[in-house]
>>> print(open('my_file.cif').read())   # mmCIF, C-alpha atoms
data_input
loop_
_atom_site.label_atom_id
_atom_site.label_comp_id
_atom_site.auth_asym_id
_atom_site.auth_seq_id
_atom_site.Cartn_x
_atom_site.Cartn_y
_atom_site.Cartn_z
CA MET Z 263 20.57 -43.37 139.24
CA SER Z 264 17.29 -41.51 138.90
CA SER Z 265 17.14 -37.90 137.70
CA ARG Z 266 14.59 -37.11 140.42
CA PRO Z 267 15.61 -34.91 143.35
CA ILE Z 268 16.90 -36.75 146.40
CA HIS Z 269 16.02 -35.50 149.85
CA GLY Z 270 17.52 -36.74 153.08
CA LEU Z 271 15.38 -37.68 156.07
CA ILE Z 272 16.87 -38.00 159.54
CA LEU Z 273 14.54 -40.00 161.76
CA ALA Z 274 14.74 -38.07 165.03
CA GLY Z 275 11.16 -38.27 166.28
CA GLY Z 276 11.54 -41.10 168.76
CA ALA Z 277 11.18 -40.76 172.52
CA SER Z 278 14.65 -42.26 173.25
CA ARG Z 279 13.18 -44.21 176.19
CA ARG Z 280 15.90 -46.87 176.22
CA MET Z 281 18.68 -44.27 176.10
CA GLY Z 282 17.05 -42.20 178.83
CA ARG Z 283 17.81 -38.95 177.01
CA ASP Z 284 17.30 -37.51 173.55
CA LYS Z 285 19.58 -39.40 171.12
CA ALA Z 286 19.55 -36.48 168.67
CA HIS Z 287 21.42 -34.37 171.25
CA ILE Z 288 24.06 -36.95 172.21
CA ALA Z 289 27.47 -35.72 171.10
CA ALA Z 290 29.12 -39.11 170.63
CA VAL Z 291 31.30 -37.84 167.78
CA GLY Z 292 32.01 -34.36 169.12
CA LYS Z 293 28.77 -32.83 167.88
CA PRO Z 294 25.12 -33.77 168.37
CA GLN Z 295 24.19 -36.89 166.42
CA LEU Z 296 21.48 -34.96 164.57
CA GLU Z 297 24.05 -32.42 163.35
CA GLN Z 298 26.44 -35.23 162.42
CA CYS Z 299 23.73 -36.89 160.29
CA ALA Z 300 22.81 -33.62 158.58
CA ASP Z 301 26.47 -32.90 157.76
CA LEU Z 302 26.91 -36.42 156.40
CA LEU Z 303 23.83 -36.13 154.18
CA GLU Z 304 24.60 -32.68 152.80
CA PRO Z 305 26.81 -33.72 149.83
CA PHE Z 306 24.34 -36.38 148.72
CA VAL Z 307 20.92 -34.70 148.89
CA ASP Z 308 19.11 -31.60 147.75
CA THR Z 309 17.85 -30.91 151.29
CA ALA Z 310 18.32 -32.71 154.61
CA TRP Z 311 15.05 -32.83 156.55
CA VAL Z 312 14.41 -33.91 160.14
CA SER Z 313 11.51 -36.19 160.95
CA VAL Z 314 9.87 -35.07 164.19
CA ARG Z 315 6.85 -36.05 166.22
CA GLN Z 316 4.30 -33.54 167.42
CA GLY Z 317 5.73 -31.43 170.23
CA GLN Z 318 9.32 -31.56 168.94
CA PRO Z 319 9.42 -28.88 166.21
CA ALA Z 320 10.43 -26.11 168.66
CA ASP Z 321 13.42 -28.06 170.00
CA PRO Z 322 16.39 -25.68 169.38
CA LEU Z 323 18.50 -28.37 167.69
CA ARG Z 324 15.75 -29.70 165.44
CA ASP Z 325 14.58 -26.15 164.69
CA ARG Z 326 17.83 -25.52 162.77
CA TYR Z 327 16.68 -27.83 159.97
CA PRO Z 328 13.63 -28.19 157.71
CA GLN Z 329 11.18 -30.54 159.37
CA VAL Z 330 8.58 -33.14 158.47
CA VAL Z 331 6.08 -33.76 161.28
CA ASP Z 332 4.74 -37.31 161.62
CA TYR Z 333 1.25 -37.47 160.20
CA VAL Z 334 0.24 -40.10 162.77
CA PRO Z 335 1.16 -39.57 166.43
CA ASP Z 336 3.27 -42.43 167.82
CA GLY Z 337 3.39 -44.07 164.39
CA GLY Z 338 7.09 -44.84 164.67
CA PRO Z 339 9.70 -44.52 161.93
CA LEU Z 340 7.36 -45.80 159.21
CA ALA Z 341 4.99 -42.87 159.87
CA GLY Z 342 7.96 -40.51 159.53
CA ILE Z 343 8.97 -42.04 156.21
CA ILE Z 344 5.41 -41.90 154.87
CA SER Z 345 5.10 -38.27 156.01
CA ALA Z 346 8.24 -37.34 154.06
CA LEU Z 347 7.11 -39.13 150.91
CA LYS Z 348 3.78 -37.31 151.11
CA ALA Z 349 5.46 -33.94 151.68
CA LYS Z 350 7.69 -34.26 148.59
CA PRO Z 351 6.14 -36.99 146.42
CA GLU Z 352 8.31 -36.12 143.42
CA ALA Z 353 11.52 -36.97 145.27
CA ASP Z 354 13.46 -40.04 146.29
CA TRP Z 355 14.29 -40.12 150.00
CA LEU Z 356 17.56 -41.22 151.58
CA VAL Z 357 16.46 -42.16 155.09
CA LEU Z 358 18.78 -42.36 158.12
CA ALA Z 359 18.23 -43.09 161.77
CA VAL Z 360 19.74 -40.46 164.06
CA ASP Z 361 21.60 -43.08 166.13
CA LEU Z 362 24.24 -44.34 163.68
CA PRO Z 363 27.52 -42.83 164.94
CA HIS Z 364 29.72 -45.06 162.73
CA LEU Z 365 27.92 -44.24 159.48
CA ASP Z 366 30.28 -42.80 156.87
CA ALA Z 367 30.11 -41.07 153.51
CA ALA Z 368 31.44 -44.13 151.65
CA THR Z 369 28.46 -46.17 152.85
CA LEU Z 370 25.97 -43.55 151.62
CA ALA Z 371 27.80 -43.26 148.30
CA CYS Z 372 27.65 -47.04 147.86
CA LEU Z 373 23.90 -47.06 148.52
CA LEU Z 374 23.19 -44.31 146.00
CA GLU Z 375 25.57 -45.61 143.33
CA GLN Z 376 24.37 -49.22 143.44
CA ALA Z 377 20.63 -48.68 143.90
CA THR Z 378 18.62 -49.98 140.94
CA ASP Z 379 15.27 -51.02 142.46
CA PRO Z 380 12.37 -48.72 141.56
CA ARG Z 381 10.98 -48.84 145.13
CA PHE Z 382 13.44 -49.65 147.93
CA THR Z 383 17.17 -50.26 148.33
CA ALA Z 384 18.76 -51.10 151.66
CA PHE Z 385 21.78 -52.83 153.11
CA ARG Z 386 21.81 -56.36 154.50
CA SER Z 387 22.32 -56.45 158.24
CA ARG Z 388 25.67 -57.92 159.17
CA HIS Z 389 23.93 -59.62 162.09
CA ASP Z 390 21.07 -61.48 160.40
CA GLY Z 391 21.14 -60.69 156.66
CA LEU Z 392 17.78 -58.91 156.81
CA PRO Z 393 17.16 -55.40 155.45
CA GLU Z 394 18.44 -52.39 157.37
CA PRO Z 395 15.50 -50.03 156.78
CA LEU Z 396 16.91 -47.01 158.60
CA CYS Z 397 19.72 -46.37 156.17
CA ALA Z 398 17.88 -46.94 152.93
CA LEU Z 399 16.61 -45.34 149.75
CA TYR Z 400 12.84 -44.99 149.39
CA ARG Z 401 11.85 -44.02 145.85
CA ALA Z 402 9.18 -41.59 144.73
CA GLY Z 403 5.94 -43.43 144.14
CA CYS Z 404 6.27 -46.02 146.89
CA VAL Z 405 4.15 -44.12 149.42
CA GLU Z 406 0.90 -45.90 148.55
CA LEU Z 407 2.48 -49.28 149.21
CA LEU Z 408 3.88 -48.06 152.53
CA GLU Z 409 0.48 -46.68 153.51
CA GLN Z 410 -1.17 -49.99 152.68
CA TYR Z 411 1.21 -51.81 155.00
CA PHE Z 412 0.76 -49.16 157.70
CA GLU Z 413 -3.03 -49.29 157.53
CA SER Z 414 -2.98 -53.10 157.67
CA GLY Z 415 -1.05 -52.93 160.94
CA VAL Z 416 2.49 -53.48 159.65
CA ARG Z 417 4.37 -50.66 161.38
CA CYS Z 418 7.91 -52.06 161.22
CA PRO Z 419 9.91 -50.71 158.25
CA ARG Z 420 12.05 -53.85 158.22
CA LYS Z 421 8.96 -56.04 157.76
CA VAL Z 422 7.83 -53.79 154.91
CA LEU Z 423 11.14 -54.21 153.10
CA ILE Z 424 11.11 -57.98 153.69
CA LYS Z 425 7.56 -58.34 152.39
CA SER Z 426 8.34 -56.09 149.41
CA GLU Z 427 11.51 -58.00 148.52
CA ALA Z 428 13.60 -54.84 148.60
CA GLU Z 429 16.91 -54.71 146.80
CA LEU Z 430 19.66 -55.50 149.33
CA LEU Z 431 23.31 -54.50 149.14
CA ASP Z 432 26.35 -55.66 151.08
CA LEU Z 433 27.73 -53.16 153.57
CA PRO Z 434 31.13 -51.77 152.58
CA ASN Z 435 31.84 -50.92 156.24
CA PRO Z 436 30.51 -53.67 158.54
CA ARG Z 437 30.14 -51.31 161.54
CA ALA Z 438 28.49 -48.45 159.65
CA LEU Z 439 24.96 -49.33 160.75
CA ASP Z 440 25.68 -50.31 164.35
CA ASN Z 441 23.23 -48.14 166.25
CA VAL Z 442 23.23 -46.95 169.84
CA ASN Z 443 19.92 -47.32 171.65
CA THR Z 444 21.08 -47.52 175.27
CA PRO Z 445 23.88 -46.12 177.44
CA ASP Z 446 25.45 -49.61 177.32
CA ASP Z 447 25.40 -49.50 173.49
CA LEU Z 448 27.15 -46.14 173.62
CA ARG Z 449 29.88 -47.49 175.90
CA ALA Z 450 30.21 -50.75 173.92
CA ALA Z 451 30.74 -48.71 170.75
CA GLY Z 452 33.67 -46.98 172.46
CA LEU Z 453 31.78 -43.69 172.53
CA GLU Z 454 30.54 -41.37 175.18
CA ASP Z 455 28.54 -38.20 175.17
CA ALA Z 456 31.12 -35.41 175.04
CA ARG Z 457 28.57 -33.00 176.47
CA ALA Z 458 27.12 -35.25 179.18
#
>>> encode(input="my_file.cif", output="structure tokens")
Amino acid sequence: MSSRPIHGLILAGGASRRMGRDKAHIAAVGKPQLEQCADLLEPFVDTAWVSVRQGQPADPLRDRYPQVVDYVPDGGPLAGIISALKAKPEADWLVLAVDLPHLDAATLACLLEQATDPRFTAFRSRHDGLPEPLCALYRAGCVELLEQYFESGVRCPRKVLIKSEAELLDLPNPRALDNVNTPDDLRAAGLEDARA
């Protein structure tokens, strides 16, 4: 493992259109998903940051954490990742989506302990074997490559990791990266918003 600092980045800048309400605030595990992610990251990172889009920094939940504002409006998760790498270029970044209610500490420990690639390490999706870019390690120094992809029109982090031949690991917990994008996903996962 690198001796560089590791920061955590919770991607919470989306509009949550498919869910119909802000996914960061959904209390599927008894507390807002954003708080759950921050608590999960805490033992593994120097600082847990929240990726936000313009207009979100004053949100009372997001305001409890250090923030990185997307440098490109509506640039999606890749813009959030690039913004973090630019904000702290000396650090590696452990990136998580805010909508992973089954993610556990053992999965994060596995990622950090087994990562050897100098640029990107991610898990293989249990569904299609492709990279899971929203629970992944992005190393210091990879920002220029990410910007090149972004500027060429590649905005999907998964495509970036595929094209870059990222290091892929097997998931220790097959359900850890099952995300919840819609109310049906929330119900199918056996969860509901405790504060709905």
>>> resolve_selection(input="my_file.cif", expression="the PyMOL selection byres ((chain Z and resi 396) around 12)", output="MDAnalysis selection string")
chainID Z and resid 270:274 338:340 342:343 355:362 365 370 382:387 393:395 397:400 418:420 422:423 438:441
>>> closest_residue(input="my_file.cif", among="Z:Asp284, Z:Lys425, Z:Thr378, Z:Asp308", to="Tyr411 of chain Z", atoms="all atoms listed in the file")
Z:Lys425
>>> closest_residue(input="my_file.cif", among="Z:Ile268, Z:Ala377, Z:Leu408, Z:Ala289", to="Glu352 of chain Z", atoms="all atoms listed in the file")
Z:Ile268
>>> atom_distance(input="my_file.cif", atom1="atom CA of Arg381 of chain Z", atom2="atom CA of Gln298 of chain Z")
26.9 Å
>>> residues_around(input="my_file.cif", residues="Gly391 of chain Z", least_positions_apart="6", cutoff="10 Å", atoms="all atoms listed in the file", output="VMD selection string")
chain Z and resid 385 430 to 432
>>> closest_residue(input="my_file.cif", among="Z:Asp354, Z:Ala346, Z:Arg266, Z:Val314", to="Val331 of chain Z", atoms="only C-alpha atoms")
Z:Val314
>>> closest_residue(input="my_file.cif", among="Z:Leu347, Z:Leu302, Z:Val416, Z:Ala320", to="Tyr333 of chain Z", atoms="only C-alpha atoms")
Z:Leu347
>>> closest_residue(input="my_file.cif", among="Z:Ala371, Z:Ala450, Z:Ile424, Z:Val405", to="Pro305 of chain Z", atoms="all atoms listed in the file")
Z:Ala371
>>> closest_residue(input="my_file.cif", among="Z:Thr309, Z:Pro294, Z:Gly337, Z:Glu304", to="Glu413 of chain Z", atoms="only C-alpha atoms")
Z:Gly337
>>> atom_distance(input="my_file.cif", atom1="atom CA of Arg417 of chain Z", atom2="atom CA of Arg401 of chain Z")
18.5 Å
>>> atom_distance(input="my_file.cif", atom1="atom CA of His269 of chain Z", atom2="atom CA of Trp311 of chain Z")
7.3 Å
>>> resolve_selection(input="my_file.cif", expression="the PyMOL selection byres ((chain Z and resi 324) around 12)", output="PyMOL selection string")
chain Z and resi 272-275+284-287+294-297+299-300+310-315+317-323+325-331+360
>>> write_last_selection(input="my_file.cif", atoms="C-alpha atoms", output="CSV table (one decimal), in the frame of the given file")
chain,number,residue,atom,x,y,z
Z,272,ILE,CA,16.9,-38.0,159.5
Z,273,LEU,CA,14.5,-40.0,161.8
Z,274,ALA,CA,14.7,-38.1,165.0
Z,275,GLY,CA,11.2,-38.3,166.3
Z,284,ASP,CA,17.3,-37.5,173.6
Z,285,LYS,CA,19.6,-39.4,171.1
Z,286,ALA,CA,19.6,-36.5,168.7
Z,287,HIS,CA,21.4,-34.4,171.2
Z,294,PRO,CA,25.1,-33.8,168.4
Z,295,GLN,CA,24.2,-36.9,166.4
Z,296,LEU,CA,21.5,-35.0,164.6
Z,297,GLU,CA,24.0,-32.4,163.4
Z,299,CYS,CA,23.7,-36.9,160.3
Z,300,ALA,CA,22.8,-33.6,158.6
Z,310,ALA,CA,18.3,-32.7,154.6
Z,311,TRP,CA,15.0,-32.8,156.6
Z,312,VAL,CA,14.4,-33.9,160.1
Z,313,SER,CA,11.5,-36.2,161.0
Z,314,VAL,CA,9.9,-35.1,164.2
Z,315,ARG,CA,6.8,-36.0,166.2
Z,317,GLY,CA,5.7,-31.4,170.2
Z,318,GLN,CA,9.3,-31.6,168.9
Z,319,PRO,CA,9.4,-28.9,166.2
Z,320,ALA,CA,10.4,-26.1,168.7
Z,321,ASP,CA,13.4,-28.1,170.0
Z,322,PRO,CA,16.4,-25.7,169.4
Z,323,LEU,CA,18.5,-28.4,167.7
Z,325,ASP,CA,14.6,-26.2,164.7
Z,326,ARG,CA,17.8,-25.5,162.8
Z,327,TYR,CA,16.7,-27.8,160.0
Z,328,PRO,CA,13.6,-28.2,157.7
Z,329,GLN,CA,11.2,-30.5,159.4
Z,330,VAL,CA,8.6,-33.1,158.5
Z,331,VAL,CA,6.1,-33.8,161.3
Z,360,VAL,CA,19.7,-40.5,164.1
>>> residues_around(input="my_file.cif", residues="Asn435 of chain Z", least_positions_apart="5", cutoff="10 Å", atoms="all atoms listed in the file", output="ChimeraX atom specification")
/Z:364-366,368-369,388
>>> write_last_selection(input="my_file.cif", atoms="C-alpha atoms", output="mmCIF file, in the coordinates of the input")
data_model
loop_
_atom_site.group_PDB
_atom_site.id
_atom_site.type_symbol
_atom_site.label_atom_id
_atom_site.label_comp_id
_atom_site.auth_asym_id
_atom_site.auth_seq_id
_atom_site.Cartn_x
_atom_site.Cartn_y
_atom_site.Cartn_z
ATOM 1 C CA HIS Z 364 29.720 -45.060 162.730
ATOM 2 C CA LEU Z 365 27.920 -44.240 159.480
ATOM 3 C CA ASP Z 366 30.280 -42.800 156.870
ATOM 4 C CA ALA Z 368 31.440 -44.130 151.650
ATOM 5 C CA THR Z 369 28.460 -46.170 152.850
ATOM 6 C CA ARG Z 388 25.670 -57.920 159.170
#
>>> axis_aligned_box(input="my_file.cif", around="segment 418-433 of chain Z", padding_each_side="4 Å", output="JSON")
{"center_x": 17.6, "center_y": -54.5, "center_z": 154.0, "size_x": 28.2, "size_y": 15.6, "size_z": 22.4}
